[in-house]
Amino acid sequence: MEIANDSGIKKPKRLTSVVWNHFERIRKADVCYAVCVHCNKKLSGSSNSGTTHLRNHLIRCLKRANCDVSQLLTAKRRKKDNTVSVANFGFEEGQGKEEYIKPTTIIKFEQDHKKDEIINFAGRRFDPEKSQLDLANMIMLHGYPLAMVEHVGFKVFVKNLQPLFEFMPNSGIEVYCLKIYQREKERVYNMINKLHGRINLSIELWSSADNSSHLCIAAHYIDEEWTLQKKVLNFVTLDPSHTEDLLPEAILKCLSEWDIECKLFAVTLDDFSINDDITVRIKEQASVKRPFLCTRQLLDVRSAAHLLNSMVQDALDALHEVIQKIRESIRYVRSSQVVQGKFNEIALQAGVNSQKALLLDFPGQWNSIYLMLETALEYKTAFSIFQEQDPSYSSFLTEEEWEWATSVTTYLKLILEITNVFSGNVFPTANIYFPEICDIHIQLIDWCRSSDNFLSSMAFKMKSRFDKYWSKCSLALAVAAILDPRFKMKLVEYYYSQIYGSTALDRIKEVSDSIKELFNAYSVCSTMVDQGSTLPGISLPSTSYDVRDRLKGFDKFLHDTSQGQNITSDLDKYLEEPIFPRNSDFNILNWWKVHMPRYPILSMMARDVLGTPMSTAAPDLAFSTGGRVLDPTRSSLSPDTRQALICTQDWLQNESGADSSSSSSHYALPLRIEPT
């Protein structure tokens, strides 16, 4: 737009800046005004005033429509050497990880720029609806509180980035979160119900500061690419007056909601305090939709990590007074620099060569108690001399108490090493548990033979707890170990001969019969599938045969004429072949993926067995002496919103490849690029 020069003396100057597309230039007398076409605000329109103030007004103009402002934001000065490029991104519904593309739109931030320097958005249009969804997605992915949308600092930050962003209260962003939850739930539902294999469930009881109880139900399975997966299906808040009779009802309701009763293979509970009747009812309900497998073949497993933590608690309870004395001794030594210096001199004179400093344990973490005991034992001689030279030191231990501490520390060291094996992988396969649990079994037998009454009584209490676990889970552990080609039946024979002695052969036969029974059930299933029967939750991997396969009749002929022949089964073939050499980088899932064509039926069984969660404790809680506790922020939410946030966070983190072991950690999601 050109403004005519009333004087006629000077040729009118062209208005080249695109900012004038949003202003009308008006001259009154000798004064020029720029009037905003959106809000009618008058600003200086003199050529001496420039256009920076006009750009700034447009960015802040509340009545300006959602128009393209990219041309307004053109930098006057560009420092190419100092330019930082950032990919323009957004969360796009229905877009998978494989659709992530390289950035095509670039935002360039000029370092040390002044107010009139600008950012090129390359034609981007601001989408209020999508921005609200992006915000809800971010909150769910990272576990941020919903209340962050009302934080002053957040509002200032966002308003400076995009003045058009419309803020909403908690209830508003909650609606968007529930929308994302429904979308993601449908995606996970379709994915799970398309699986060829079966589903294993882990069931954990959570508590919260308000004494309410919650049930976390997660599905564990090995997908078509032979990758171990975990999906949190439900996070149910139990009624405060609930009894154990209502617990299976809540579980069965979740199974029905996801339509996976027919696909169920194993149920893993986190604690022995849960009544066995619960798993019986789950089995009965599952058997209605899955009559081709007997009730026994739905595995009932208890968490190995919880067993170890319970045994540790037995040991710590028995040694409580000694631990307290050691704790007070360390506190006294560290009470002042004078006392610490005196103790260090005594330790040096006593020949203590430890480079470790005395440390106190951390509440709620039993591994820190082990480290405290281990370090204190290295200074045992120094403590004995110190009590003779310092009359104020009163928490000294007797020689017998030092011996007890030494023995218990040895027990704790073994359990700590095994716990590290279990927690070293976020989702370990079931085959790794058998040798570790057997080592514990053998050591418990040895500990119970101690001539010291204190140590033997403690060991018997630990073994009583272990025996209850072993009677319920040993077969599942052994079957998983047999399906490891590095071990097969040989590992069972090796450990059972040490555990059972003269009765080992009977126990080995029991394991052998169990795996054959399970394999026969899968063989029956395979035969029914071959004959065209429809079985819920069971399917063989699809083939590439054409629909008009002319040799289908030959397949039936081959099946009928082979009935009387002595054909070696997958299981017999697998057990008869040589054991695969042990090596540190062996990947059992890759092995079965490669050998699936050779063992088509056994590989189906291996997929389900190896995907069974033998432990339910998250890696970051492996050494916790308490259970899972819900944080206060989520405890204050409604049950539906709480479930939506917890489940969707797990799904989004799994989709992004982030570690989901901690709900409070901040994870980085591969960001999708918004096309221009």
# chains A, B, ... in the order shown; residues from 1 in each chain; ligands from 1
call {"tool": "residues_around", "arguments": {"residues": "region 212-227 of chain A", "least_positions_apart": "6", "cutoff": "6 Å", "atoms": "only C-alpha atoms", "output": "list in words"}}
result
Ile199, Asn200, Leu201, Ser202, Ile203, Glu204, Leu205, Trp206, Leu233, Asn234, Phe235, Val236, Thr237, Leu238, Leu589 and Gly611 of chain A
call {"tool": "select_by_dssp", "arguments": {"residues": "region 132-245 of chain A", "states": "helix (DSSP H, G or I)", "output": "VMD selection string"}}
result
chain A and resid 132 to 142 146 to 150 152 to 161 170 to 193
call {"tool": "closest_residue", "arguments": {"among": "A:Ala481, A:Cys448, A:Leu299, A:Ala622", "to": "Val312 (chain A)", "atoms": "only C-alpha atoms"}}
result
A:Ala622
call {"tool": "closest_residue", "arguments": {"among": "A:Phe386, A:His142, A:Leu319, A:Asp467", "to": "Thr406 (chain A)", "atoms": "only C-alpha atoms"}}
result
A:Leu319
call {"tool": "closest_residue", "arguments": {"among": "A:Val158, A:Ile251, A:Leu444, A:Val492", "to": "Ala504 (chain A)", "atoms": "only C-alpha atoms"}}
result
A:Val492
call {"tool": "residues_around", "arguments": {"residues": "His22 (chain A)", "least_positions_apart": "4", "cutoff": "9 Å", "atoms": "only C-alpha atoms", "output": "MDAnalysis selection string"}}
result
chainID A and resid 18 35:38 58
call {"tool": "residues_around", "arguments": {"residues": "Pro169 (chain A)", "least_positions_apart": "4", "cutoff": "10 Å", "atoms": "only C-alpha atoms", "output": "VMD selection string"}}
result
chain A and resid 146 to 150 173 to 174
call {"tool": "residues_around", "arguments": {"residues": "Leu475 (chain A)", "least_positions_apart": "5", "cutoff": "9 Å", "atoms": "only C-alpha atoms", "output": "JSON, numbers by chain"}}
result
{"A": [470, 480, 510, 511, 514, 515]}
call {"tool": "closest_residue", "arguments": {"among": "A:Leu477, A:Arg550, A:Met462, A:Asn211", "to": "Thr429 (chain A)", "atoms": "only C-alpha atoms"}}
result
A:Leu477
call {"tool": "residues_around", "arguments": {"residues": "region 331-345 of chain A", "least_positions_apart": "6", "cutoff": "12 Å", "atoms": "only C-alpha atoms", "output": "MDAnalysis selection string"}}
result
chainID A and resid 324:325 351:361 372 376 379:396
call {"tool": "write_last_selection", "arguments": {"atoms": "N, CA, C and O atoms", "output": "compact mmCIF listing (two decimals), in the first residue's frame"}}
result
# COMPACT_ATOMS: atom_id res chain seq x y z
N GLN A 324 21.85 -52.38 64.95
CA GLN A 324 21.68 -51.11 65.65
C GLN A 324 22.95 -50.70 66.37
O GLN A 324 23.33 -49.52 66.38
N LYS A 325 23.65 -51.66 66.94
CA LYS A 325 24.92 -51.37 67.61
C LYS A 325 25.96 -50.86 66.62
O LYS A 325 26.71 -49.91 66.90
N GLY A 351 46.59 -52.17 61.57
CA GLY A 351 46.87 -52.78 60.27
C GLY A 351 45.66 -52.90 59.36
O GLY A 351 45.64 -53.74 58.45
N VAL A 352 44.64 -52.07 59.60
CA VAL A 352 43.46 -52.08 58.73
C VAL A 352 43.82 -51.38 57.42
O VAL A 352 44.17 -50.20 57.41
N ASN A 353 43.73 -52.11 56.31
CA ASN A 353 44.15 -51.58 55.01
C ASN A 353 42.98 -51.12 54.15
O ASN A 353 43.16 -50.83 52.96
N SER A 354 41.79 -51.08 54.72
CA SER A 354 40.61 -50.72 53.94
C SER A 354 40.67 -49.26 53.49
O SER A 354 41.05 -48.37 54.25
N GLN A 355 40.31 -49.05 52.23
CA GLN A 355 40.23 -47.70 51.68
C GLN A 355 38.82 -47.13 51.78
O GLN A 355 38.58 -45.99 51.38
N LYS A 356 37.90 -47.93 52.31
CA LYS A 356 36.51 -47.50 52.41
C LYS A 356 36.30 -46.67 53.67
O LYS A 356 36.89 -46.94 54.71
N ALA A 357 35.45 -45.70 53.57
CA ALA A 357 35.08 -44.90 54.73
C ALA A 357 33.84 -45.50 55.38
O ALA A 357 32.98 -46.07 54.70
N LEU A 358 33.76 -45.39 56.69
CA LEU A 358 32.58 -45.88 57.41
C LEU A 358 31.36 -45.09 56.94
O LEU A 358 31.39 -43.86 56.84
N LEU A 359 30.29 -45.80 56.65
CA LEU A 359 29.08 -45.13 56.16
C LEU A 359 27.85 -45.72 56.83
O LEU A 359 27.85 -46.86 57.26
N LEU A 360 26.81 -44.90 56.88
CA LEU A 360 25.54 -45.33 57.45
C LEU A 360 24.61 -45.81 56.34
O LEU A 360 24.77 -45.45 55.17
N ASP A 361 23.66 -46.62 56.73
CA ASP A 361 22.71 -47.16 55.76
C ASP A 361 21.66 -46.12 55.40
O ASP A 361 21.47 -45.13 56.11
N MET A 372 26.95 -51.12 54.74
CA MET A 372 27.35 -50.64 56.06
C MET A 372 28.00 -51.77 56.87
O MET A 372 29.06 -51.58 57.49
N ALA A 376 31.94 -52.02 58.04
CA ALA A 376 32.21 -52.10 59.48
C ALA A 376 33.04 -53.34 59.82
O ALA A 376 33.92 -53.29 60.70
N TYR A 379 36.68 -52.97 59.67
CA TYR A 379 37.25 -52.21 60.79
C TYR A 379 37.00 -52.90 62.13
O TYR A 379 37.09 -52.27 63.18
N LYS A 380 36.69 -54.20 62.07
CA LYS A 380 36.37 -54.93 63.30
C LYS A 380 37.48 -54.81 64.34
O LYS A 380 37.23 -54.51 65.52
N THR A 381 38.72 -55.02 63.95
CA THR A 381 39.85 -54.94 64.89
C THR A 381 39.98 -53.55 65.49
O THR A 381 40.21 -53.39 66.69
N ALA A 382 39.79 -52.53 64.65
CA ALA A 382 39.89 -51.15 65.13
C ALA A 382 38.80 -50.85 66.15
O ALA A 382 39.05 -50.18 67.17
N PHE A 383 37.58 -51.34 65.92
CA PHE A 383 36.49 -51.13 66.88
C PHE A 383 36.79 -51.80 68.22
O PHE A 383 36.49 -51.25 69.30
N SER A 384 37.39 -53.01 68.17
CA SER A 384 37.71 -53.73 69.40
C SER A 384 38.73 -52.98 70.25
O SER A 384 38.62 -52.91 71.48
N ILE A 385 39.74 -52.39 69.59
CA ILE A 385 40.75 -51.61 70.32
C ILE A 385 40.17 -50.28 70.77
O ILE A 385 40.46 -49.79 71.87
N PHE A 386 39.33 -49.70 69.96
CA PHE A 386 38.75 -48.39 70.23
C PHE A 386 37.92 -48.40 71.52
O PHE A 386 37.93 -47.43 72.29
N GLN A 387 37.21 -49.50 71.75
CA GLN A 387 36.37 -49.57 72.95
C GLN A 387 37.21 -49.58 74.23
O GLN A 387 36.75 -49.15 75.30
N GLU A 388 38.47 -50.04 74.12
CA GLU A 388 39.35 -50.07 75.29
C GLU A 388 39.96 -48.69 75.57
O GLU A 388 40.28 -48.37 76.72
N GLN A 389 40.09 -47.86 74.53
CA GLN A 389 40.76 -46.57 74.69
C GLN A 389 39.81 -45.39 74.84
O GLN A 389 40.22 -44.31 75.20
N ASP A 390 38.55 -45.61 74.53
CA ASP A 390 37.58 -44.52 74.63
C ASP A 390 36.44 -44.94 75.55
O ASP A 390 35.54 -45.68 75.13
N PRO A 391 36.42 -44.49 76.79
CA PRO A 391 35.39 -44.89 77.74
C PRO A 391 33.99 -44.39 77.35
O PRO A 391 32.99 -44.93 77.83
N SER A 392 33.91 -43.39 76.49
CA SER A 392 32.60 -42.86 76.08
C SER A 392 31.93 -43.72 75.01
O SER A 392 30.74 -43.56 74.73
N TYR A 393 32.70 -44.61 74.42
CA TYR A 393 32.16 -45.49 73.38
C TYR A 393 31.46 -46.67 74.05
O TYR A 393 32.11 -47.51 74.67
N SER A 394 30.14 -46.74 73.93
CA SER A 394 29.37 -47.76 74.67
C SER A 394 28.62 -48.74 73.78
O SER A 394 27.96 -49.65 74.28
N SER A 395 28.69 -48.57 72.46
CA SER A 395 27.90 -49.43 71.56
C SER A 395 28.74 -50.56 70.97
O SER A 395 28.48 -51.02 69.86
N PHE A 396 29.74 -51.01 71.72
CA PHE A 396 30.64 -52.03 71.18
C PHE A 396 29.95 -53.40 71.11
O PHE A 396 28.99 -53.68 71.83
call {"tool": "residues_around", "arguments": {"residues": "Met605 (chain A)", "least_positions_apart": "4", "cutoff": "9 Å", "atoms": "only C-alpha atoms", "output": "PyMOL selection string"}}
result
chain A and resi 197+518-519+522+601+609-610
call {"tool": "atom_distance", "arguments": {"atom1": "CA of Asn367 (chain A)", "atom2": "CA of Gln498 (chain A)"}}
result
28.9 Å
call {"tool": "closest_residue", "arguments": {"among": "A:Thr51, A:Asn40, A:Gln443, A:Gln182", "to": "Gln643 (chain A)", "atoms": "only C-alpha atoms"}}
result
A:Gln182
call {"tool": "atom_distance", "arguments": {"atom1": "CA of Ala476 (chain A)", "atom2": "CA of Val301 (chain A)"}}
result
7.6 Å
call {"tool": "closest_residue", "arguments": {"among": "A:Thr398, A:Gln313, A:Thr375, A:Ser49", "to": "Ile330 (chain A)", "atoms": "only C-alpha atoms"}}
result
A:Thr375
